[in-house]
>>> print(open('data-v7.txt').read())   # compact mmCIF, C-alpha atoms
# COMPACT_ATOMS: atom_id res chain seq x y z
CA MET A 2 -4.82 -77.42 6.39
CA TYR A 3 -3.59 -74.48 4.41
CA LYS A 4 -1.96 -71.19 5.19
CA ALA A 5 -3.35 -68.24 3.25
CA ILE A 6 -1.33 -65.10 2.69
CA ILE A 7 -3.71 -62.38 1.59
CA THR A 8 -2.66 -59.02 0.17
CA VAL A 9 -5.17 -56.16 0.22
CA LYS A 10 -4.37 -52.98 -1.69
CA LEU A 11 -6.20 -49.84 -2.73
CA ARG A 12 -7.50 -50.22 -6.26
CA PRO A 13 -5.15 -48.75 -8.90
CA SER A 14 -7.68 -46.02 -9.77
CA ILE A 15 -7.61 -44.71 -6.19
CA LEU A 16 -4.95 -42.26 -5.10
CA ASP A 17 -2.76 -43.69 -2.34
CA PRO A 18 -1.52 -40.68 -0.34
CA GLU A 19 0.55 -42.88 1.98
CA GLY A 20 2.34 -44.40 -1.00
CA LYS A 21 2.91 -40.90 -2.38
CA ALA A 22 4.40 -39.70 0.90
CA ILE A 23 6.75 -42.69 1.04
CA GLU A 24 7.73 -42.09 -2.57
CA HIS A 25 8.63 -38.47 -1.77
CA ALA A 26 10.73 -39.66 1.17
CA LEU A 27 12.54 -42.15 -1.07
CA GLN A 28 13.17 -39.46 -3.69
CA SER A 29 14.53 -37.06 -1.11
CA LEU A 30 16.94 -39.80 0.01
CA ASP A 31 18.15 -40.05 -3.60
CA TYR A 32 16.51 -43.39 -4.32
CA THR A 33 15.61 -41.85 -7.65
CA GLN A 34 15.23 -45.19 -9.43
CA LEU A 35 12.30 -46.14 -7.13
CA SER A 36 8.77 -44.91 -7.88
CA GLY A 37 5.14 -46.00 -8.05
CA VAL A 38 4.86 -46.79 -4.32
CA ARG A 39 1.56 -48.38 -3.24
CA VAL A 40 0.90 -49.42 0.35
CA GLY A 41 -1.29 -52.38 1.28
CA LYS A 42 -1.67 -54.87 4.05
CA GLU A 43 -0.93 -58.55 4.41
CA ILE A 44 -3.23 -60.85 6.32
CA GLU A 45 -2.11 -64.34 7.25
CA LEU A 46 -4.51 -67.06 8.36
CA THR A 47 -4.97 -70.80 8.57
CA VAL A 48 -7.72 -72.57 6.62
CA ASP A 49 -9.13 -75.89 7.77
CA ALA A 50 -10.25 -77.37 4.44
CA PRO A 51 -9.89 -80.85 2.94
CA ASN A 52 -8.54 -79.64 -0.40
CA ARG A 53 -7.17 -76.63 -2.21
CA GLU A 54 -10.43 -75.79 -4.04
CA GLU A 55 -12.43 -75.55 -0.84
CA ALA A 56 -9.70 -73.57 0.89
CA GLU A 57 -9.63 -71.13 -2.03
CA ALA A 58 -13.40 -70.74 -2.00
CA ALA A 59 -13.44 -70.07 1.75
CA VAL A 60 -10.70 -67.44 1.58
CA ASP A 61 -12.28 -65.81 -1.46
CA LYS A 62 -15.60 -65.47 0.32
CA ALA A 63 -13.98 -63.97 3.42
CA CYS A 64 -12.03 -61.50 1.29
CA ILE A 65 -15.18 -60.25 -0.43
CA LYS A 66 -17.29 -60.12 2.70
CA VAL A 67 -14.90 -58.94 5.40
CA LEU A 68 -11.19 -58.69 4.65
CA SER A 69 -11.42 -56.20 1.79
CA ASN A 70 -13.88 -53.50 0.78
CA PRO A 71 -14.50 -53.94 -2.96
CA VAL A 72 -15.49 -50.26 -3.29
CA MET A 73 -11.88 -49.23 -2.72
CA GLU A 74 -9.67 -52.31 -2.47
CA ASP A 75 -8.44 -55.29 -4.51
CA TYR A 76 -7.12 -58.49 -2.98
CA THR A 77 -4.93 -61.41 -4.01
CA PHE A 78 -3.87 -64.44 -2.03
CA VAL A 79 -1.64 -67.48 -2.14
CA LEU A 80 -2.23 -70.78 -0.36
CA GLU A 81 0.45 -72.99 1.14
CA GLU A 82 -0.32 -76.51 2.18
CA LEU A 83 0.60 -77.12 5.83
CA MET B 21 -45.96 -40.95 24.26
CA ALA B 22 -45.32 -37.92 22.12
CA GLY B 23 -41.91 -36.87 20.99
CA VAL B 24 -39.09 -38.90 19.57
CA LYS B 25 -37.00 -41.65 21.10
CA PHE B 26 -33.36 -41.63 20.07
CA GLY B 27 -31.24 -44.77 20.43
CA VAL B 28 -27.51 -44.14 20.54
CA VAL B 29 -25.51 -47.27 19.72
CA VAL B 30 -22.40 -47.81 21.82
CA PHE B 31 -19.59 -49.86 20.28
CA PRO B 32 -16.35 -50.55 22.09
CA GLY B 33 -14.39 -47.46 21.10
CA SER B 34 -17.32 -45.11 20.47
CA ASN B 35 -16.52 -41.72 21.96
CA CYS B 36 -19.22 -39.34 20.73
CA ASP B 37 -22.09 -41.41 22.12
CA HIS B 38 -22.58 -39.17 25.17
CA ASP B 39 -22.51 -36.03 23.02
CA ALA B 40 -25.32 -37.37 20.82
CA TYR B 41 -27.29 -38.50 23.89
CA HIS B 42 -26.82 -35.07 25.47
CA ALA B 43 -28.00 -33.26 22.32
CA ALA B 44 -31.17 -35.36 22.08
CA LYS B 45 -32.05 -35.64 25.74
CA HIS B 46 -30.79 -32.55 27.50
CA VAL B 47 -30.70 -29.93 24.76
CA LEU B 48 -33.84 -30.98 22.86
CA GLY B 49 -35.66 -32.61 25.78
CA GLU B 50 -36.51 -35.77 23.84
CA ARG B 51 -36.13 -39.34 25.06
CA ALA B 52 -32.79 -41.06 24.49
CA GLU B 53 -31.25 -44.40 25.35
CA PHE B 54 -27.92 -46.06 24.86
CA LEU B 55 -27.96 -49.35 22.91
CA TRP B 56 -25.00 -51.64 23.61
CA HIS B 57 -23.55 -53.22 20.47
CA LYS B 58 -24.39 -56.73 21.69
CA GLU B 59 -28.09 -55.96 22.05
CA SER B 60 -30.59 -57.17 19.52
CA ASP B 61 -33.56 -55.29 20.95
CA LEU B 62 -33.83 -51.69 19.77
CA ARG B 63 -36.37 -50.95 22.52
CA GLY B 64 -38.78 -49.14 20.25
CA VAL B 65 -36.51 -46.24 19.36
CA ASP B 66 -37.52 -44.03 16.43
CA VAL B 67 -34.07 -42.83 15.44
CA ILE B 68 -30.82 -44.78 15.61
CA VAL B 69 -27.64 -42.78 16.04
CA LEU B 70 -24.36 -44.46 15.09
CA PRO B 71 -21.95 -42.16 16.87
CA GLY B 72 -18.40 -41.09 16.18
CA GLY B 73 -15.33 -42.69 17.65
CA PHE B 74 -12.97 -45.51 16.84
CA SER B 75 -15.16 -48.59 17.10
CA TYR B 76 -13.06 -51.74 17.48
CA GLY B 77 -9.97 -49.56 17.26
CA ASP B 78 -10.60 -48.97 13.54
CA TYR B 79 -9.05 -52.43 13.05
CA LEU B 80 -9.06 -53.82 9.49
CA ARG B 81 -10.88 -50.74 8.13
CA CYS B 82 -12.88 -48.02 9.89
CA GLY B 83 -16.31 -49.46 10.63
CA ALA B 84 -15.52 -52.86 9.14
CA ILE B 85 -15.81 -54.88 12.35
CA SER B 86 -18.73 -52.93 13.87
CA ARG B 87 -20.77 -53.74 10.84
CA PHE B 88 -20.95 -57.39 11.99
CA SER B 89 -21.95 -56.68 15.60
CA PRO B 90 -25.36 -58.02 16.71
CA VAL B 91 -27.02 -54.60 16.97
CA MET B 92 -26.22 -53.82 13.33
CA LYS B 93 -28.50 -56.61 12.10
CA GLU B 94 -31.35 -54.82 13.85
CA VAL B 95 -30.20 -51.43 12.59
CA VAL B 96 -30.33 -52.75 9.01
CA ARG B 97 -33.81 -54.14 9.67
CA HIS B 98 -34.91 -50.81 11.19
CA ALA B 99 -33.63 -49.01 8.08
CA GLU B 100 -35.38 -51.47 5.75
CA ARG B 101 -38.65 -50.80 7.57
CA GLY B 102 -38.16 -47.09 6.84
CA GLY B 103 -36.84 -46.20 10.30
CA HIS B 104 -34.44 -43.29 10.55
CA VAL B 105 -30.71 -43.85 11.00
CA ILE B 106 -28.00 -41.21 11.27
CA GLY B 107 -24.32 -42.14 11.18
CA ILE B 108 -21.88 -39.48 12.29
CA CYS B 109 -18.15 -39.73 11.48
CA ASN B 110 -17.30 -43.34 12.46
CA GLY B 111 -21.05 -43.97 12.15
CA PHE B 112 -20.90 -42.82 8.51
CA GLN B 113 -18.01 -45.23 7.94
CA ILE B 114 -20.08 -48.06 9.47
CA LEU B 115 -23.03 -47.19 7.19
CA THR B 116 -20.89 -47.42 4.03
CA GLU B 117 -19.24 -50.64 5.24
CA SER B 118 -22.64 -52.17 5.91
CA GLY B 119 -23.95 -51.16 2.51
CA LEU B 120 -26.72 -48.91 3.86
CA LEU B 121 -25.00 -46.03 2.06
CA PRO B 122 -22.89 -46.13 -1.11
CA GLY B 123 -19.20 -45.29 -1.36
CA ALA B 124 -16.34 -45.52 1.12
CA LEU B 125 -14.35 -43.19 3.38
CA LEU B 126 -10.65 -43.23 2.49
CA ARG B 127 -7.63 -41.82 4.30
CA ASN B 128 -7.62 -38.01 4.18
CA ASP B 129 -5.62 -36.89 1.16
CA SER B 130 -3.39 -34.81 3.49
CA LEU B 131 -2.65 -37.97 5.54
CA LYS B 132 -3.38 -35.82 8.60
CA PHE B 133 -6.07 -36.19 11.23
CA VAL B 134 -8.16 -33.06 10.72
CA CYS B 135 -9.79 -31.58 13.82
CA ARG B 136 -11.33 -28.17 13.26
CA GLU B 137 -14.49 -26.29 12.50
CA VAL B 138 -15.60 -26.39 8.87
CA ARG B 139 -18.36 -24.73 6.92
CA LEU B 140 -21.06 -26.86 5.36
CA ARG B 141 -23.66 -25.86 2.80
CA VAL B 142 -27.03 -27.54 3.17
CA GLU B 143 -27.74 -28.92 -0.31
CA ASN B 144 -31.09 -30.57 0.30
CA THR B 145 -33.63 -29.40 2.87
CA ARG B 146 -36.32 -31.83 1.78
CA THR B 147 -35.04 -34.56 4.10
CA ALA B 148 -36.04 -35.73 7.57
CA PHE B 149 -32.62 -34.57 8.81
CA THR B 150 -32.51 -31.07 7.32
CA SER B 151 -36.07 -29.75 7.19
CA GLN B 152 -35.27 -27.02 9.71
CA TYR B 153 -32.50 -25.53 7.60
CA ALA B 154 -32.81 -23.13 4.67
CA GLU B 155 -31.69 -24.27 1.24
CA GLY B 156 -28.06 -23.22 0.76
CA GLN B 157 -27.66 -22.27 4.43
CA VAL B 158 -24.03 -22.37 5.54
CA LEU B 159 -23.38 -24.10 8.88
CA ARG B 160 -20.38 -24.02 11.20
CA ILE B 161 -19.79 -27.57 12.47
CA PRO B 162 -16.58 -29.31 13.57
CA VAL B 163 -14.90 -32.28 11.89
CA ALA B 164 -12.47 -34.67 13.60
CA HIS B 165 -11.29 -37.56 11.47
CA GLY B 166 -8.39 -39.21 9.70
CA GLU B 167 -10.48 -41.18 7.21
CA GLY B 168 -13.17 -38.87 5.87
CA ASN B 169 -12.27 -38.74 2.21
CA PHE B 170 -15.54 -39.71 0.54
CA TYR B 171 -14.96 -41.82 -2.53
CA THR B 172 -17.27 -43.46 -4.99
CA ASP B 173 -17.08 -44.33 -8.69
CA ASN B 174 -18.21 -41.81 -11.32
CA GLU B 175 -21.51 -43.51 -11.97
CA THR B 176 -22.58 -43.56 -8.31
CA LEU B 177 -21.32 -40.01 -7.85
CA ALA B 178 -23.48 -38.78 -10.73
CA ALA B 179 -26.49 -40.65 -9.32
CA LEU B 180 -25.97 -39.12 -5.85
CA GLU B 181 -25.80 -35.63 -7.36
CA ASN B 182 -28.78 -36.10 -9.68
CA ASN B 183 -31.01 -37.60 -7.01
CA GLY B 184 -30.35 -34.86 -4.48
CA GLN B 185 -28.62 -37.37 -2.20
CA VAL B 186 -25.74 -35.02 -1.45
CA VAL B 187 -27.04 -33.31 1.69
CA PHE B 188 -23.97 -31.46 3.00
CA ARG B 189 -20.97 -30.09 1.14
CA TYR B 190 -17.74 -28.52 2.44
CA VAL B 191 -17.59 -24.85 1.45
CA ASP B 192 -15.52 -21.76 2.18
CA ALA B 193 -16.65 -18.72 4.15
CA ASP B 194 -18.44 -17.41 1.06
CA GLY B 195 -20.34 -20.66 0.62
CA ASN B 196 -18.36 -21.91 -2.38
CA GLY B 197 -17.16 -25.51 -2.66
CA SER B 198 -13.47 -24.89 -3.38
CA ASP B 199 -10.54 -27.30 -2.99
CA ALA B 200 -9.25 -25.13 -0.15
CA ALA B 201 -12.51 -25.70 1.74
CA ASN B 202 -12.25 -29.47 1.38
CA PRO B 203 -10.63 -30.85 4.57
CA ASN B 204 -10.02 -34.40 3.34
CA GLY B 205 -10.13 -34.72 -0.46
CA SER B 206 -13.75 -35.92 -0.67
CA ARG B 207 -15.11 -36.14 -4.20
CA ASN B 208 -17.24 -33.09 -5.06
CA ASN B 209 -16.58 -31.76 -1.51
CA ILE B 210 -19.17 -34.21 -0.17
CA ALA B 211 -19.58 -34.10 3.62
CA GLY B 212 -22.86 -35.99 4.00
CA ILE B 213 -25.19 -38.13 1.91
CA ILE B 214 -28.59 -39.75 2.26
CA ASN B 215 -29.90 -43.01 0.85
CA ARG B 216 -32.39 -43.11 -2.00
CA GLN B 217 -35.33 -43.74 0.35
CA GLY B 218 -34.36 -40.73 2.47
CA ASN B 219 -34.23 -42.43 5.88
CA VAL B 220 -30.48 -43.10 6.30
CA LEU B 221 -28.02 -40.21 6.52
CA GLY B 222 -24.26 -40.34 6.92
CA MET B 223 -22.04 -37.33 7.57
CA MET B 224 -18.42 -36.86 8.61
CA PRO B 225 -18.89 -33.54 10.52
CA HIS B 226 -20.23 -33.67 14.09
CA PRO B 227 -23.60 -31.90 14.49
CA GLU B 228 -23.80 -33.16 18.10
CA ARG B 229 -20.73 -31.07 18.92
CA ALA B 230 -22.46 -27.87 17.78
CA VAL B 231 -25.65 -27.76 19.85
CA GLU B 232 -25.00 -25.13 22.51
CA ASP B 233 -23.53 -21.63 22.58
CA LEU B 234 -20.93 -22.91 25.00
CA LEU B 235 -19.61 -25.18 22.25
CA GLY B 236 -19.10 -22.27 19.87
CA SER B 237 -21.95 -23.06 17.50
CA THR B 238 -25.54 -24.27 17.62
CA ASP B 239 -25.72 -24.98 13.90
CA GLY B 240 -25.78 -28.77 14.38
CA LEU B 241 -28.94 -28.76 16.45
CA GLY B 242 -31.07 -28.46 13.32
CA VAL B 243 -30.24 -32.05 12.37
CA PHE B 244 -31.77 -33.40 15.60
CA ALA B 245 -34.60 -30.85 15.60
CA SER B 246 -35.48 -31.73 12.00
CA LEU B 247 -35.87 -35.39 12.99
CA VAL B 248 -38.21 -34.40 15.81
CA GLU B 249 -40.22 -32.19 13.48
CA THR B 250 -40.45 -34.96 10.85
CA ILE B 251 -41.28 -37.85 13.16
CA ALA B 252 -43.31 -36.22 15.93
CA GLY B 253 -44.77 -33.44 13.82
CA THR B 254 -43.86 -30.79 16.37
CA VAL B 255 -41.16 -28.20 16.22
CA PRO B 256 -39.05 -28.47 19.35
CA THR B 257 -38.80 -25.35 21.43
CA LEU B 258 -35.20 -24.80 22.32
CA SER B 259 -34.29 -23.73 25.79
>>> encode(input="data-v7.txt", output="structure tokens")
Amino acid sequence: MYKAIITVKLRPSILDPEGKAIEHALQSLDYTQLSGVRVGKEIELTVDAPNREEAEAAVDKACIKVLSNPVMEDYTFVLEEL
Amino acid sequence: MAGVKFGVVVFPGSNCDHDAYHAAKHVLGERAEFLWHKESDLRGVDVIVLPGGFSYGDYLRCGAISRFSPVMKEVVRHAERGGHVIGICNGFQILTESGLLPGALLRNDSLKFVCREVRLRVENTRTAFTSQYAEGQVLRIPVAHGEGNFYTDNETLAALENNGQVVFRYVDADGNGSDAANPNGSRNNIAGIINRQGNVLGMMPHPERAVEDLLGSTDGLGVFASLVETIAGTVPTLS
């Protein structure tokens, strides 16, 4: 068993208006050293697979098919053995 | 039986299904049925309407979960056979998620939910959905969405433009596609597109909310009337 922590974010070429709005808020609070805000989402799930390779393959497939939309999003994930 | 049978798909969270049904059945006098998302029998409908709303609460991404509901398998099959499909608002999002139309609908660039009447220029009247309009005609139709910002890469965008697949564009009162007329940041002010084969249309504005004088505009009726003209070969007489 593995735990997968998946991060889905808008692709770098796509404007992230939510990130921009947060960045403006940070600036107006004088956090001037913080910039380049991008907002994404984290999805956590459990994978029932006998080894790391199979767990990776299963999560990868789900990311492409369901959890992210490749037209606008990129994904990364890490696996922890349970 | 003559005429056209419309099938309006109902997902949990659809909220423009009755409006589309009303436009087809009561305003145009055609046949219409609701199709529950768990059904896998399309009951011989000619046109599938994927209505607006917040199917599955817009969880994950708008339209992402609906795309895997049982009825969508049949909708894809219907489209592959050349059957007509129109996705309005959330329905447009479902069509891009399911790959029946290219691109994606991102968060509005303003970050605001935009609910107001917009002006649309009809860019292509040689489609089953727009045959009753005049080329360049400017329509008054409402939008109501938070994720209507049409995005696609440069290559696909150029192909859409060159193939005449851009059907509706946001314009100002003078019919020009300015930034000010763009309610959501869509690339090239795109409000609606059609697939290459010409049988699947997606649009963010709501033609079903502009079908009677009481609603402030009847400019959306042409979309439904065009389908009747194309499929049944008769021009509907409007009451």
>>> residues_around(input="data-v7.txt", residues="A:Ile23", least_positions_apart="2", cutoff="10 Å", atoms="all atoms listed in the file", output="PyMOL selection string")
chain A and resi 18-21+25-29+36-40
>>> closest_residue(input="data-v7.txt", among="B:Val248, B:Val255, B:Cys36, B:Cys135", to="B:Glu50", atoms="only C-alpha atoms")
B:Val248
>>> closest_residue(input="data-v7.txt", among="B:Leu125, B:Ser130, B:Ala154, B:Thr176", to="B:Gly212", atoms="only C-alpha atoms")
B:Leu125
>>> closest_residue(input="data-v7.txt", among="B:Gly33, B:Gly166, B:Gly103, B:Gly123", to="chain A", atoms="all atoms listed in the file")
B:Gly123
>>> closest_residue(input="data-v7.txt", among="A:Asp61, A:Glu43, A:Asp49, A:Glu24", to="chain B", atoms="only C-alpha atoms")
A:Glu43
>>> closest_atom_pairs(input="data-v7.txt", of="chain B", to="chain A", cutoff="7 Å", atoms="all atoms listed in the file", output="CSV")
residue,atom,partner,partner_atom,distance
B:Gly123,CA,A:Val72,CA,6.5
B:Ala124,CA,A:Val72,CA,6.5
B:Asp129,CA,A:Pro18,CA,5.8
B:Leu131,CA,A:Pro18,CA,6.6
>>> write_last_selection(input="data-v7.txt", atoms="C-alpha atoms", output="PDB file, in the frame of the given file")
ATOM      1  CA  GLY B 123     -19.200 -45.290  -1.360  1.00  0.00           C
ATOM      2  CA  ALA B 124     -16.340 -45.520   1.120  1.00  0.00           C
ATOM      3  CA  ASP B 129      -5.620 -36.890   1.160  1.00  0.00           C
ATOM      4  CA  LEU B 131      -2.650 -37.970   5.540  1.00  0.00           C
TER       5      LEU B 131
END
>>> residues_around(input="data-v7.txt", residues="B:Gly197", least_positions_apart="2", cutoff="10 Å", atoms="only C-alpha atoms", output="PyMOL selection string")
chain B and resi 139-141+189-195+199-202+208-210
>>> write_last_selection(input="data-v7.txt", atoms="C-alpha atoms", output="CSV table (one decimal), in the coordinates of the input")
chain,number,residue,atom,x,y,z
B,139,ARG,CA,-18.4,-24.7,6.9
B,140,LEU,CA,-21.1,-26.9,5.4
B,141,ARG,CA,-23.7,-25.9,2.8
B,189,ARG,CA,-21.0,-30.1,1.1
B,190,TYR,CA,-17.7,-28.5,2.4
B,191,VAL,CA,-17.6,-24.8,1.4
B,192,ASP,CA,-15.5,-21.8,2.2
B,193,ALA,CA,-16.6,-18.7,4.2
B,194,ASP,CA,-18.4,-17.4,1.1
B,195,GLY,CA,-20.3,-20.7,0.6
B,199,ASP,CA,-10.5,-27.3,-3.0
B,200,ALA,CA,-9.2,-25.1,-0.2
B,201,ALA,CA,-12.5,-25.7,1.7
B,202,ASN,CA,-12.2,-29.5,1.4
B,208,ASN,CA,-17.2,-33.1,-5.1
B,209,ASN,CA,-16.6,-31.8,-1.5
B,210,ILE,CA,-19.2,-34.2,-0.2
>>> atom_distance(input="data-v7.txt", atom1="atom CA of B:Phe26", atom2="atom CA of B:Ser206")
29.1 Å
>>> atom_distance(input="data-v7.txt", atom1="atom CA of B:Gly119", atom2="atom CA of B:Thr250")
24.6 Å
>>> axis_aligned_box(input="data-v7.txt", around="stretch 29-42 of chain A", padding_each_side="8 Å", output="lines of an AutoDock Vina configuration file")
center_x = 8.2
center_y = -46.0
center_z = -2.7
size_x = 35.8
size_y = 33.8
size_z = 29.5
>>> residues_around(input="data-v7.txt", residues="A:Ala59", least_positions_apart="5", cutoff="10 Å", atoms="all atoms listed in the file", output="JSON, numbers by chain")
{"A": [48, 49, 50, 53, 54, 64]}
>>> closest_residue(input="data-v7.txt", among="B:Gly205, B:Gly49, B:Gly184, B:Gly236", to="B:Arg146", atoms="only C-alpha atoms")
B:Gly184
>>> closest_residue(input="data-v7.txt", among="B:Arg51, B:His98, B:Ser237, B:Ala245", to="B:Gln152", atoms="all atoms listed in the file")
B:Ala245
>>> atom_distance(input="data-v7.txt", atom1="atom CA of B:Pro71", atom2="atom CA of B:Glu181")
25.4 Å
>>> residues_around(input="data-v7.txt", residues="B:Arg207", least_positions_apart="4", cutoff="9 Å", atoms="all atoms listed in the file", output="MDAnalysis selection string")
chainID B and resid 169:172 177
>>> residues_around(input="data-v7.txt", residues="A:Val9", least_positions_apart="6", cutoff="6 Å", atoms="all atoms listed in the file", output="PyMOL selection string")
chain A and resi 41-42+75-76
